[in-house]
$ cat coords_25.pdb   # PDB, C-alpha atoms
ATOM      1  CA  MET A   1     -26.633-201.972  10.157
ATOM      2  CA  LYS A   2     -28.840-201.229  13.145
ATOM      3  CA  TYR A   3     -28.537-198.232  15.463
ATOM      4  CA  LEU A   4     -29.670-197.500  19.007
ATOM      5  CA  GLY A   5     -30.963-194.133  20.209
ATOM      6  CA  ILE A   6     -32.142-193.007  23.630
ATOM      7  CA  ASP A   7     -34.372-189.984  24.191
ATOM      8  CA  LEU A   8     -33.995-188.859  27.806
ATOM      9  CA  GLY A   9     -36.831-186.583  28.885
ATOM     10  CA  GLY A  10     -38.085-185.148  32.112
ATOM     11  CA  THR A  11     -41.043-187.553  32.064
ATOM     12  CA  ASN A  12     -39.923-190.617  30.084
ATOM     13  CA  ILE A  13     -36.799-192.473  29.004
ATOM     14  CA  VAL A  14     -37.371-194.022  25.568
ATOM     15  CA  ALA A  15     -34.928-196.206  23.643
ATOM     16  CA  GLY A  16     -35.375-197.282  20.040
ATOM     17  CA  VAL A  17     -33.635-199.485  17.479
ATOM     18  CA  VAL A  18     -33.360-197.804  14.065
ATOM     19  CA  ASP A  19     -32.464-199.382  10.719
ATOM     20  CA  GLU A  20     -30.619-197.977   7.686
ATOM     21  CA  GLU A  21     -33.891-196.657   6.234
ATOM     22  CA  TYR A  22     -34.531-194.740   9.484
ATOM     23  CA  ASN A  23     -37.413-196.971  10.535
ATOM     24  CA  ILE A  24     -37.840-197.558  14.268
ATOM     25  CA  LEU A  25     -37.917-201.333  14.680
ATOM     26  CA  SER A  26     -38.599-201.458  18.408
ATOM     27  CA  LYS A  27     -39.017-199.235  21.452
ATOM     28  CA  ALA A  28     -38.761-199.608  25.202
ATOM     29  CA  SER A  29     -39.499-197.014  27.861
ATOM     30  CA  ARG A  30     -39.559-196.238  31.560
ATOM     31  CA  LYS A  31     -40.606-193.251  33.626
ATOM     32  CA  THR A  32     -37.739-190.882  34.422
ATOM     33  CA  ASN A  33     -39.065-190.410  37.971
ATOM     34  CA  ILE A  34     -37.112-187.262  38.758
ATOM     35  CA  PRO A  35     -35.595-186.090  40.979
ATOM     36  CA  ARG A  36     -33.188-189.039  41.157
ATOM     37  CA  SER A  37     -29.460-189.494  41.075
ATOM     38  CA  GLY A  38     -27.622-189.589  37.773
ATOM     39  CA  GLU A  39     -26.548-193.130  38.613
ATOM     40  CA  ALA A  40     -30.154-194.302  38.904
ATOM     41  CA  VAL A  41     -31.201-192.601  35.658
ATOM     42  CA  CYS A  42     -28.233-194.112  33.810
ATOM     43  CA  ASP A  43     -29.128-197.544  35.204
ATOM     44  CA  ASP A  44     -32.591-197.192  33.675
ATOM     45  CA  MET A  45     -31.249-195.893  30.362
ATOM     46  CA  ALA A  46     -29.014-198.943  30.111
ATOM     47  CA  ALA A  47     -31.952-201.208  30.971
ATOM     48  CA  VAL A  48     -34.301-199.745  28.335
ATOM     49  CA  ALA A  49     -31.513-199.861  25.748
ATOM     50  CA  LYS A  50     -31.050-203.574  26.313
ATOM     51  CA  GLU A  51     -34.810-204.143  26.344
ATOM     52  CA  ALA A  52     -35.277-202.392  22.987
ATOM     53  CA  LEU A  53     -32.473-204.506  21.478
ATOM     54  CA  GLU A  54     -33.876-207.743  22.898
ATOM     55  CA  LYS A  55     -37.264-207.062  21.293
ATOM     56  CA  VAL A  56     -35.683-207.457  17.852
ATOM     57  CA  GLY A  57     -33.269-210.214  18.795
ATOM     58  CA  LEU A  58     -30.157-208.033  19.039
ATOM     59  CA  THR A  59     -27.499-207.349  21.635
ATOM     60  CA  ILE A  60     -25.367-204.300  22.324
ATOM     61  CA  ASP A  61     -22.647-205.886  20.156
ATOM     62  CA  ASP A  62     -24.904-205.480  17.103
ATOM     63  CA  VAL A  63     -24.841-201.662  17.122
ATOM     64  CA  PRO A  64     -21.820-199.422  16.374
ATOM     65  CA  TRP A  65     -22.542-196.902  19.143
ATOM     66  CA  VAL A  66     -25.265-195.664  21.471
ATOM     67  CA  GLY A  67     -26.628-192.163  20.937
ATOM     68  CA  ILE A  68     -28.415-190.192  23.655
ATOM     69  CA  GLY A  69     -30.401-186.984  23.373
ATOM     70  CA  ALA A  70     -30.615-185.299  26.769
ATOM     71  CA  PRO A  71     -31.995-181.941  27.893
ATOM     72  CA  GLY A  72     -29.740-179.139  29.043
ATOM     73  CA  THR A  73     -26.246-177.966  28.218
ATOM     74  CA  ILE A  74     -24.374-180.985  26.858
ATOM     75  CA  ASN A  75     -20.627-180.863  26.242
ATOM     76  CA  ARG A  76     -20.314-183.324  23.385
ATOM     77  CA  GLY A  77     -16.528-183.028  23.563
ATOM     78  CA  ASN A  78     -16.257-184.682  26.972
ATOM     79  CA  GLY A  79     -19.687-186.302  27.299
ATOM     80  CA  MET A  80     -20.646-184.165  30.283
ATOM     81  CA  VAL A  81     -24.142-182.931  31.100
ATOM     82  CA  GLU A  82     -22.972-179.567  32.341
ATOM     83  CA  TYR A  83     -26.409-178.412  33.426
ATOM     84  CA  ALA A  84     -29.915-179.820  33.051
ATOM     85  CA  ASN A  85     -32.272-177.917  35.310
ATOM     86  CA  ASN A  86     -35.305-180.175  34.859
ATOM     87  CA  LEU A  87     -33.244-183.284  35.665
ATOM     88  CA  TYR A  88     -31.294-181.611  38.488
ATOM     89  CA  PHE A  89     -27.980-182.635  36.874
ATOM     90  CA  HIS A  90     -24.839-180.551  37.168
ATOM     91  CA  ASN A  91     -21.547-181.699  35.609
ATOM     92  CA  LEU A  92     -22.743-185.289  35.299
ATOM     93  CA  PRO A  93     -20.275-187.488  33.312
ATOM     94  CA  MET A  94     -23.089-189.251  31.459
ATOM     95  CA  GLN A  95     -20.997-190.566  28.564
ATOM     96  CA  GLN A  96     -18.535-192.260  30.896
ATOM     97  CA  MET A  97     -21.328-193.649  33.073
ATOM     98  CA  MET A  98     -23.186-195.139  30.114
ATOM     99  CA  GLU A  99     -20.046-196.603  28.557
ATOM    100  CA  GLU A 100     -19.319-198.334  31.845
ATOM    101  CA  ARG A 101     -22.833-199.804  31.901
ATOM    102  CA  LEU A 102     -23.075-200.840  28.232
ATOM    103  CA  ASN A 103     -19.430-201.344  27.259
ATOM    104  CA  LYS A 104     -20.168-199.469  24.055
ATOM    105  CA  THR A 105     -19.075-196.109  22.604
ATOM    106  CA  THR A 106     -21.700-193.558  23.640
ATOM    107  CA  ILE A 107     -22.419-190.144  22.141
ATOM    108  CA  ILE A 108     -24.356-187.514  24.113
ATOM    109  CA  GLU A 109     -26.101-184.554  22.474
ATOM    110  CA  ASN A 110     -28.670-181.949  23.469
ATOM    111  CA  ASP A 111     -32.165-183.352  22.882
ATOM    112  CA  ALA A 112     -33.305-180.488  20.627
ATOM    113  CA  ASN A 113     -30.165-180.929  18.515
ATOM    114  CA  ALA A 114     -30.798-184.669  18.289
ATOM    115  CA  ALA A 115     -34.398-184.072  17.201
ATOM    116  CA  ALA A 116     -33.232-181.540  14.612
ATOM    117  CA  TYR A 117     -30.780-184.084  13.243
ATOM    118  CA  GLY A 118     -33.580-186.640  13.081
ATOM    119  CA  GLU A 119     -35.696-184.303  10.954
ATOM    120  CA  PHE A 120     -32.618-183.542   8.840
ATOM    121  CA  VAL A 121     -31.809-187.152   7.986
ATOM    122  CA  ALA A 122     -35.280-188.676   7.928
ATOM    123  CA  GLY A 123     -37.997-186.033   8.214
ATOM    124  CA  SER A 124     -39.194-182.813   6.657
ATOM    125  CA  ALA A 125     -35.660-181.367   6.292
ATOM    126  CA  LYS A 126     -34.348-184.442   4.442
ATOM    127  CA  GLY A 127     -32.361-183.469   1.366
ATOM    128  CA  SER A 128     -31.349-180.096   2.812
ATOM    129  CA  ASN A 129     -27.764-179.013   3.266
ATOM    130  CA  SER A 130     -28.563-176.718   6.193
ATOM    131  CA  ALA A 131     -31.700-176.675   8.321
ATOM    132  CA  ILE A 132     -33.185-175.403  11.555
ATOM    133  CA  ALA A 133     -35.750-177.348  13.567
ATOM    134  CA  ILE A 134     -37.997-175.411  15.943
ATOM    135  CA  THR A 135     -40.166-177.160  18.535
ATOM    136  CA  LEU A 136     -43.025-175.158  20.046
ATOM    137  CA  GLY A 137     -43.813-176.687  23.407
ATOM    138  CA  THR A 138     -43.528-175.563  27.017
ATOM    139  CA  GLY A 139     -40.508-173.661  25.721
ATOM    140  CA  VAL A 140     -39.019-173.122  22.278
ATOM    141  CA  GLY A 141     -36.536-175.846  21.398
ATOM    142  CA  SER A 142     -34.211-175.368  18.469
ATOM    143  CA  GLY A 143     -31.465-177.212  16.662
ATOM    144  CA  ILE A 144     -29.241-175.949  13.864
ATOM    145  CA  ILE A 145     -27.705-178.121  11.136
ATOM    146  CA  ILE A 146     -25.042-176.522   8.933
ATOM    147  CA  ASN A 147     -23.460-178.493   6.081
ATOM    148  CA  GLY A 148     -24.847-181.692   7.551
ATOM    149  CA  LYS A 149     -23.335-181.091  11.003
ATOM    150  CA  ILE A 150     -25.020-180.123  14.267
ATOM    151  CA  TYR A 151     -23.960-176.588  15.160
ATOM    152  CA  GLY A 152     -23.127-176.209  18.842
ATOM    153  CA  GLY A 153     -20.728-173.295  18.874
ATOM    154  CA  SER A 154     -17.364-173.126  20.608
ATOM    155  CA  ASN A 155     -18.708-174.667  23.831
ATOM    156  CA  TYR A 156     -21.461-176.975  22.479
ATOM    157  CA  ALA A 157     -24.122-174.678  23.997
ATOM    158  CA  GLY A 158     -25.107-172.890  20.772
ATOM    159  CA  GLY A 159     -28.482-172.985  19.075
ATOM    160  CA  GLU A 160     -30.596-171.740  21.999
ATOM    161  CA  MET A 161     -32.678-169.500  19.783
ATOM    162  CA  GLY A 162     -35.584-169.505  22.231
ATOM    163  CA  HIS A 163     -33.515-167.148  24.355
ATOM    164  CA  MET A 164     -32.903-164.412  21.818
ATOM    165  CA  VAL A 165     -34.793-161.287  22.872
ATOM    166  CA  ILE A 166     -37.541-160.093  20.516
ATOM    167  CA  VAL A 167     -39.195-157.607  22.935
ATOM    168  CA  ALA A 168     -36.677-155.541  24.881
ATOM    169  CA  GLY A 169     -37.729-155.432  28.539
ATOM    170  CA  GLY A 170     -40.688-157.717  27.781
ATOM    171  CA  ARG A 171     -42.116-160.751  29.540
ATOM    172  CA  GLU A 172     -39.912-162.465  32.096
ATOM    173  CA  CYS A 173     -38.504-165.727  30.772
ATOM    174  CA  THR A 174     -37.646-168.787  32.841
ATOM    175  CA  CYS A 175     -33.990-168.196  31.908
ATOM    176  CA  GLY A 176     -33.981-164.917  33.845
ATOM    177  CA  ARG A 177     -33.963-162.532  30.860
ATOM    178  CA  ARG A 178     -36.893-160.451  29.706
ATOM    179  CA  GLY A 179     -38.476-160.533  26.271
ATOM    180  CA  CYS A 180     -37.124-163.893  25.070
ATOM    181  CA  TRP A 181     -38.680-165.450  21.983
ATOM    182  CA  GLU A 182     -39.606-168.449  24.137
ATOM    183  CA  ALA A 183     -41.745-166.253  26.391
ATOM    184  CA  TYR A 184     -43.907-165.314  23.385
ATOM    185  CA  ALA A 185     -43.664-168.086  20.776
ATOM    186  CA  SER A 186     -43.944-171.186  22.975
ATOM    187  CA  ALA A 187     -47.256-172.870  23.782
ATOM    188  CA  THR A 188     -46.860-171.319  27.230
ATOM    189  CA  GLY A 189     -46.573-167.888  25.605
ATOM    190  CA  LEU A 190     -49.655-168.509  23.460
ATOM    191  CA  ILE A 191     -51.644-169.562  26.526
ATOM    192  CA  ALA A 192     -50.568-166.369  28.325
ATOM    193  CA  LEU A 193     -51.687-164.246  25.337
ATOM    194  CA  THR A 194     -55.018-166.084  25.243
ATOM    195  CA  LYS A 195     -55.660-165.579  28.956
ATOM    196  CA  GLU A 196     -54.852-161.863  28.709
ATOM    197  CA  ALA A 197     -57.358-161.447  25.883
ATOM    198  CA  MET A 198     -59.974-163.399  27.807
ATOM    199  CA  MET A 199     -59.584-161.221  30.885
ATOM    200  CA  GLU A 200     -60.378-158.202  28.723
ATOM    201  CA  CYS A 201     -63.776-159.679  27.868
ATOM    202  CA  GLN A 202     -64.476-161.423  31.186
ATOM    203  CA  GLY A 203     -68.180-161.524  31.934
ATOM    204  CA  ASN A 204     -69.206-161.309  28.286
ATOM    205  CA  PRO A 205     -71.663-164.206  27.769
ATOM    206  CA  ASP A 206     -70.942-164.168  24.040
ATOM    207  CA  SER A 207     -67.187-164.684  24.440
ATOM    208  CA  VAL A 208     -66.269-167.705  22.336
ATOM    209  CA  MET A 209     -63.003-168.345  24.183
ATOM    210  CA  TRP A 210     -64.682-168.314  27.595
ATOM    211  CA  ASN A 211     -67.367-170.679  26.289
ATOM    212  CA  LEU A 212     -64.746-173.034  24.834
ATOM    213  CA  VAL A 213     -63.194-173.494  28.285
ATOM    214  CA  GLU A 214     -66.590-173.623  30.028
ATOM    215  CA  GLY A 215     -65.776-170.529  32.051
ATOM    216  CA  ASP A 216     -62.621-172.039  33.575
ATOM    217  CA  ILE A 217     -59.523-170.086  32.558
ATOM    218  CA  ASP A 218     -57.293-172.915  33.805
ATOM    219  CA  LYS A 219     -58.582-175.013  30.896
ATOM    220  CA  VAL A 220     -57.017-172.689  28.318
ATOM    221  CA  SER A 221     -54.652-174.530  25.974
ATOM    222  CA  GLY A 222     -52.607-173.723  22.908
ATOM    223  CA  ARG A 223     -55.653-174.642  20.802
ATOM    224  CA  THR A 224     -58.166-172.287  22.456
ATOM    225  CA  ALA A 225     -57.454-169.172  20.385
ATOM    226  CA  PHE A 226     -57.189-171.178  17.143
ATOM    227  CA  ASP A 227     -60.498-172.936  17.872
ATOM    228  CA  ALA A 228     -62.122-169.563  18.566
ATOM    229  CA  MET A 229     -60.679-168.164  15.338
ATOM    230  CA  ARG A 230     -62.155-171.088  13.384
ATOM    231  CA  ALA A 231     -65.516-170.308  14.981
ATOM    232  CA  GLY A 232     -65.316-166.793  13.560
ATOM    233  CA  ASP A 233     -64.389-165.101  16.845
ATOM    234  CA  GLU A 234     -62.701-161.719  16.400
ATOM    235  CA  ALA A 235     -60.894-161.895  19.761
ATOM    236  CA  GLY A 236     -59.524-165.342  18.925
ATOM    237  CA  GLN A 237     -58.349-164.116  15.527
ATOM    238  CA  LYS A 238     -56.574-161.204  17.218
ATOM    239  CA  VAL A 239     -54.708-163.549  19.587
ATOM    240  CA  VAL A 240     -53.679-165.847  16.724
ATOM    241  CA  ASN A 241     -52.434-162.895  14.684
ATOM    242  CA  GLN A 242     -50.449-161.548  17.627
ATOM    243  CA  TYR A 243     -48.944-164.965  18.350
ATOM    244  CA  ILE A 244     -47.950-165.563  14.715
ATOM    245  CA  ASN A 245     -46.310-162.130  14.587
ATOM    246  CA  TYR A 246     -44.132-163.045  17.578
ATOM    247  CA  LEU A 247     -43.312-166.465  16.124
ATOM    248  CA  ALA A 248     -42.514-164.991  12.717
ATOM    249  CA  CYS A 249     -40.234-162.332  14.221
ATOM    250  CA  GLY A 250     -37.944-165.049  15.538
ATOM    251  CA  ILE A 251     -38.167-167.052  12.314
ATOM    252  CA  VAL A 252     -37.107-163.997  10.289
ATOM    253  CA  ASN A 253     -34.178-163.422  12.666
ATOM    254  CA  ALA A 254     -33.090-167.033  12.151
ATOM    255  CA  ILE A 255     -33.370-166.752   8.374
ATOM    256  CA  ASN A 256     -31.469-163.457   8.277
ATOM    257  CA  ILE A 257     -28.618-165.011  10.291
ATOM    258  CA  PHE A 258     -28.390-168.527   8.818
ATOM    259  CA  GLN A 259     -30.303-168.572   5.508
ATOM    260  CA  PRO A 260     -31.000-172.321   5.877
ATOM    261  CA  ASP A 261     -32.536-174.428   3.134
ATOM    262  CA  THR A 262     -35.340-175.492   5.460
ATOM    263  CA  ILE A 263     -36.957-174.486   8.728
ATOM    264  CA  CYS A 264     -39.230-177.174  10.127
ATOM    265  CA  ILE A 265     -41.646-176.407  12.944
ATOM    266  CA  GLY A 266     -42.772-179.091  15.377
ATOM    267  CA  GLY A 267     -44.593-179.358  18.687
ATOM    268  CA  GLY A 268     -48.304-179.306  19.420
ATOM    269  CA  ILE A 269     -48.960-175.913  17.830
ATOM    270  CA  SER A 270     -47.527-177.147  14.514
ATOM    271  CA  LYS A 271     -50.597-179.389  14.210
ATOM    272  CA  GLU A 272     -52.501-176.260  13.178
ATOM    273  CA  GLY A 273     -50.848-176.805   9.791
ATOM    274  CA  GLU A 274     -51.628-174.181   7.176
ATOM    275  CA  ASN A 275     -53.648-172.113   9.658
ATOM    276  CA  LEU A 276     -50.268-171.434  11.226
ATOM    277  CA  LEU A 277     -47.919-171.656   8.253
ATOM    278  CA  ARG A 278     -49.836-169.582   5.695
ATOM    279  CA  PRO A 279     -49.801-166.300   7.667
ATOM    280  CA  LEU A 280     -46.347-167.130   9.034
ATOM    281  CA  ARG A 281     -44.911-167.444   5.534
ATOM    282  CA  ALA A 282     -46.601-164.192   4.476
ATOM    283  CA  TYR A 283     -44.965-162.334   7.381
ATOM    284  CA  VAL A 284     -41.579-163.879   6.600
ATOM    285  CA  GLU A 285     -41.815-163.006   2.900
ATOM    286  CA  ARG A 286     -42.565-159.419   3.860
ATOM    287  CA  GLU A 287     -39.877-158.982   6.509
ATOM    288  CA  ARG A 288     -36.840-161.059   5.525
ATOM    289  CA  TYR A 289     -33.756-159.207   4.336
ATOM    290  CA  SER A 290     -33.233-161.679   1.498
ATOM    291  CA  LYS A 291     -36.595-160.906  -0.134
ATOM    292  CA  TYR A 292     -34.948-160.376  -3.540
ATOM    293  CA  SER A 293     -32.873-163.538  -3.500
ATOM    294  CA  SER A 294     -33.725-166.258  -6.023
ATOM    295  CA  LYS A 295     -33.356-168.950  -3.350
ATOM    296  CA  GLN A 296     -35.476-168.785  -0.213
ATOM    297  CA  THR A 297     -35.860-170.820   2.962
ATOM    298  CA  ASN A 298     -38.654-173.398   2.848
ATOM    299  CA  ILE A 299     -40.844-173.331   5.986
ATOM    300  CA  VAL A 300     -42.569-176.653   6.680
ATOM    301  CA  THR A 301     -44.127-178.715   9.453
ATOM    302  CA  ALA A 302     -41.927-181.292  11.162
ATOM    303  CA  GLN A 303     -42.810-184.887  10.248
ATOM    304  CA  LEU A 304     -41.371-187.210  12.862
ATOM    305  CA  GLY A 305     -43.007-186.021  16.084
ATOM    306  CA  ASN A 306     -41.633-187.730  19.182
ATOM    307  CA  ASP A 307     -39.646-190.156  17.012
ATOM    308  CA  ALA A 308     -37.307-187.375  15.831
ATOM    309  CA  GLY A 309     -35.287-187.492  19.046
ATOM    310  CA  ILE A 310     -34.840-191.271  18.922
ATOM    311  CA  ILE A 311     -33.856-191.333  15.240
ATOM    312  CA  GLY A 312     -31.534-188.356  15.602
ATOM    313  CA  ALA A 313     -29.862-189.798  18.702
ATOM    314  CA  ALA A 314     -29.428-193.203  17.060
ATOM    315  CA  LEU A 315     -27.598-191.660  14.105
ATOM    316  CA  LEU A 316     -25.381-189.225  16.034
ATOM    317  CA  GLY A 317     -22.256-191.180  15.104
ATOM    318  CA  LYS A 318     -22.851-190.261  11.470
ATOM    319  CA  THR A 319     -22.315-186.573  12.277
ATOM    320  CA  ASN A 320     -18.628-187.461  12.747
ATOM    321  CA  ASP A 321     -18.346-188.968   9.258
TER
END

$ encode --input "coords_25.pdb" --output "structure tokens"
Amino acid sequence: MKYLGIDLGGTNIVAGVVDEEYNILSKASRKTNIPRSGEAVCDDMAAVAKEALEKVGLTIDDVPWVGIGAPGTINRGNGMVEYANNLYFHNLPMQQMMEERLNKTTIIENDANAAAYGEFVAGSAKGSNSAIAITLGTGVGSGIIINGKIYGGSNYAGGEMGHMVIVAGGRECTCGRRGCWEAYASATGLIALTKEAMMECQGNPDSVMWNLVEGDIDKVSGRTAFDAMRAGDEAGQKVVNQYINYLACGIVNAINIFQPDTICIGGGISKEGENLLRPLRAYVERERYSKYSSKQTNIVTAQLGNDAGIIGAALLGKTND
């Protein structure tokens, strides 16, 4: 059996053919080119789907369904993209539109949920019964798997852990609230923390972080503080510690609520590996309510990278089994 998954992003549309062993056999992609109409985006999704199939000598008749991971609030019950701010979609009947174009059963899911399912079936959460996947990027993406099923809540909008408040009245978040986990634990949050620390030592010729960005604060990235820490810089170490404390606060909240078998962390910051995970685990061990339980949540780095969304989307039909 072969499966077809589409990862719809704000920058790229990527389709992939996946086999029973969760290998991606072929890919095809196009630029999303937003803002555009939903009709135009669906036309391109259908085109890349067919292109990916053609690369391995298949047609749409050779797959049981088409799975799509899309950003925003996705009502899996009726196949509607209720709201996707970065695609400018509001109540777009994407499932119906894609079924008309491909003449194939189509399943739509939130992209973070699809990526979480990909890690669950084929990545670092494989073998778990329940898992949470966290992606640290521009925001904090999250997907929750409970008993092998994607958890979406009563209205399919559940799992938005990036928007739980960890600092009451804190930083303004893009969602309109203040103090959201996303505002502190995302790469954007880490960059903000780094810039604040740099402004405190502006003009210091010995500042490692300023030297790393050649005096241009706009060059600060999610790696700057970690690179400074590795160079023995006290200010960089302080930023990293502060960031990990914010990240760990949300992780502990998630563990206290769900007690999953596995939490896997992806996104660019996860590439720091044990420099991130070692102090994160120490914080979690200290703070979690279940510290005396014989079974504890395993915290690991995500394995599949950008392929998680394609694999998870391709296998969405299996979540109905």

$ closest_atom_pairs --input "coords_25.pdb" --of "segment 105-149 of chain A" --to "segment 279-300 of chain A" --cutoff "10 Å" --atoms "all atoms listed in the file" --output "JSON lines"
{"residue": "A:Ser124", "atom": "CA", "partner": "A:Val300", "partner_atom": "CA", "distance": 7.0}
{"residue": "A:Ala125", "atom": "CA", "partner": "A:Val300", "partner_atom": "CA", "distance": 8.4}
{"residue": "A:Ser128", "atom": "CA", "partner": "A:Asn298", "partner_atom": "CA", "distance": 9.9}
{"residue": "A:Ser130", "atom": "CA", "partner": "A:Thr297", "partner_atom": "CA", "distance": 9.9}
{"residue": "A:Ala131", "atom": "CA", "partner": "A:Thr297", "partner_atom": "CA", "distance": 9.0}
{"residue": "A:Ile132", "atom": "CA", "partner": "A:Ile299", "partner_atom": "CA", "distance": 9.7}
{"residue": "A:Ala133", "atom": "CA", "partner": "A:Val300", "partner_atom": "CA", "distance": 9.7}

$ residues_near_point --input "coords_25.pdb" --point "(-34.9, -179.9, 16.1)" --cutoff "6 Å" --atoms "only C-alpha atoms" --output "short mmCIF file (atom, residue, chain, number, x, y, z; two decimals) with C-alpha atoms, keeping the file's coordinate frame"
data_model
loop_
_atom_site.label_atom_id
_atom_site.label_comp_id
_atom_site.auth_asym_id
_atom_site.auth_seq_id
_atom_site.Cartn_x
_atom_site.Cartn_y
_atom_site.Cartn_z
CA ALA A 112 -33.30 -180.49 20.63
CA ASN A 113 -30.16 -180.93 18.52
CA ALA A 115 -34.40 -184.07 17.20
CA ALA A 116 -33.23 -181.54 14.61
CA ALA A 133 -35.75 -177.35 13.57
CA ILE A 134 -38.00 -175.41 15.94
CA SER A 142 -34.21 -175.37 18.47
CA GLY A 143 -31.46 -177.21 16.66
#

$ closest_residue --input "coords_25.pdb" --among "A:Tyr3, A:Phe258, A:Tyr151, A:Trp181" --to "Tyr243 of chain A" --atoms "all atoms listed in the file"
A:Trp181

$ resolve_selection --input "coords_25.pdb" --expression "the PyMOL selection byres ((chain A and resi 43-45) around 12)" --output "PyMOL selection string"
chain A and resi 4-9+12-16+28-33+36-42+46-52+66-70+94-95+97-102+106

$ residues_near_point --input "coords_25.pdb" --point "(-24.2, -206.1, 20.8)" --cutoff "10 Å" --atoms "only C-alpha atoms" --output "JSON, numbers by chain"
{"A": [50, 53, 58, 59, 60, 61, 62, 63, 64, 65, 102, 103, 104]}

$ closest_residue --input "coords_25.pdb" --among "A:Leu136, A:Ala314, A:Ala114, A:Cys173" --to "Thr301 of chain A" --atoms "only C-alpha atoms"
A:Leu136

$ closest_residue --input "coords_25.pdb" --among "A:Glu214, A:Gly57, A:Tyr246, A:Gln237" --to "Gly179 of chain A" --atoms "only C-alpha atoms"
A:Tyr246

$ closest_residue --input "coords_25.pdb" --among "A:Gly232, A:Gly152, A:Gly158, A:Gly123" --to "Ile311 of chain A" --atoms "all atoms listed in the file"
A:Gly123

$ atom_distance --input "coords_25.pdb" --atom1 "atom CA of Lys55 of chain A" --atom2 "atom CA of Pro93 of chain A"
28.6 Å
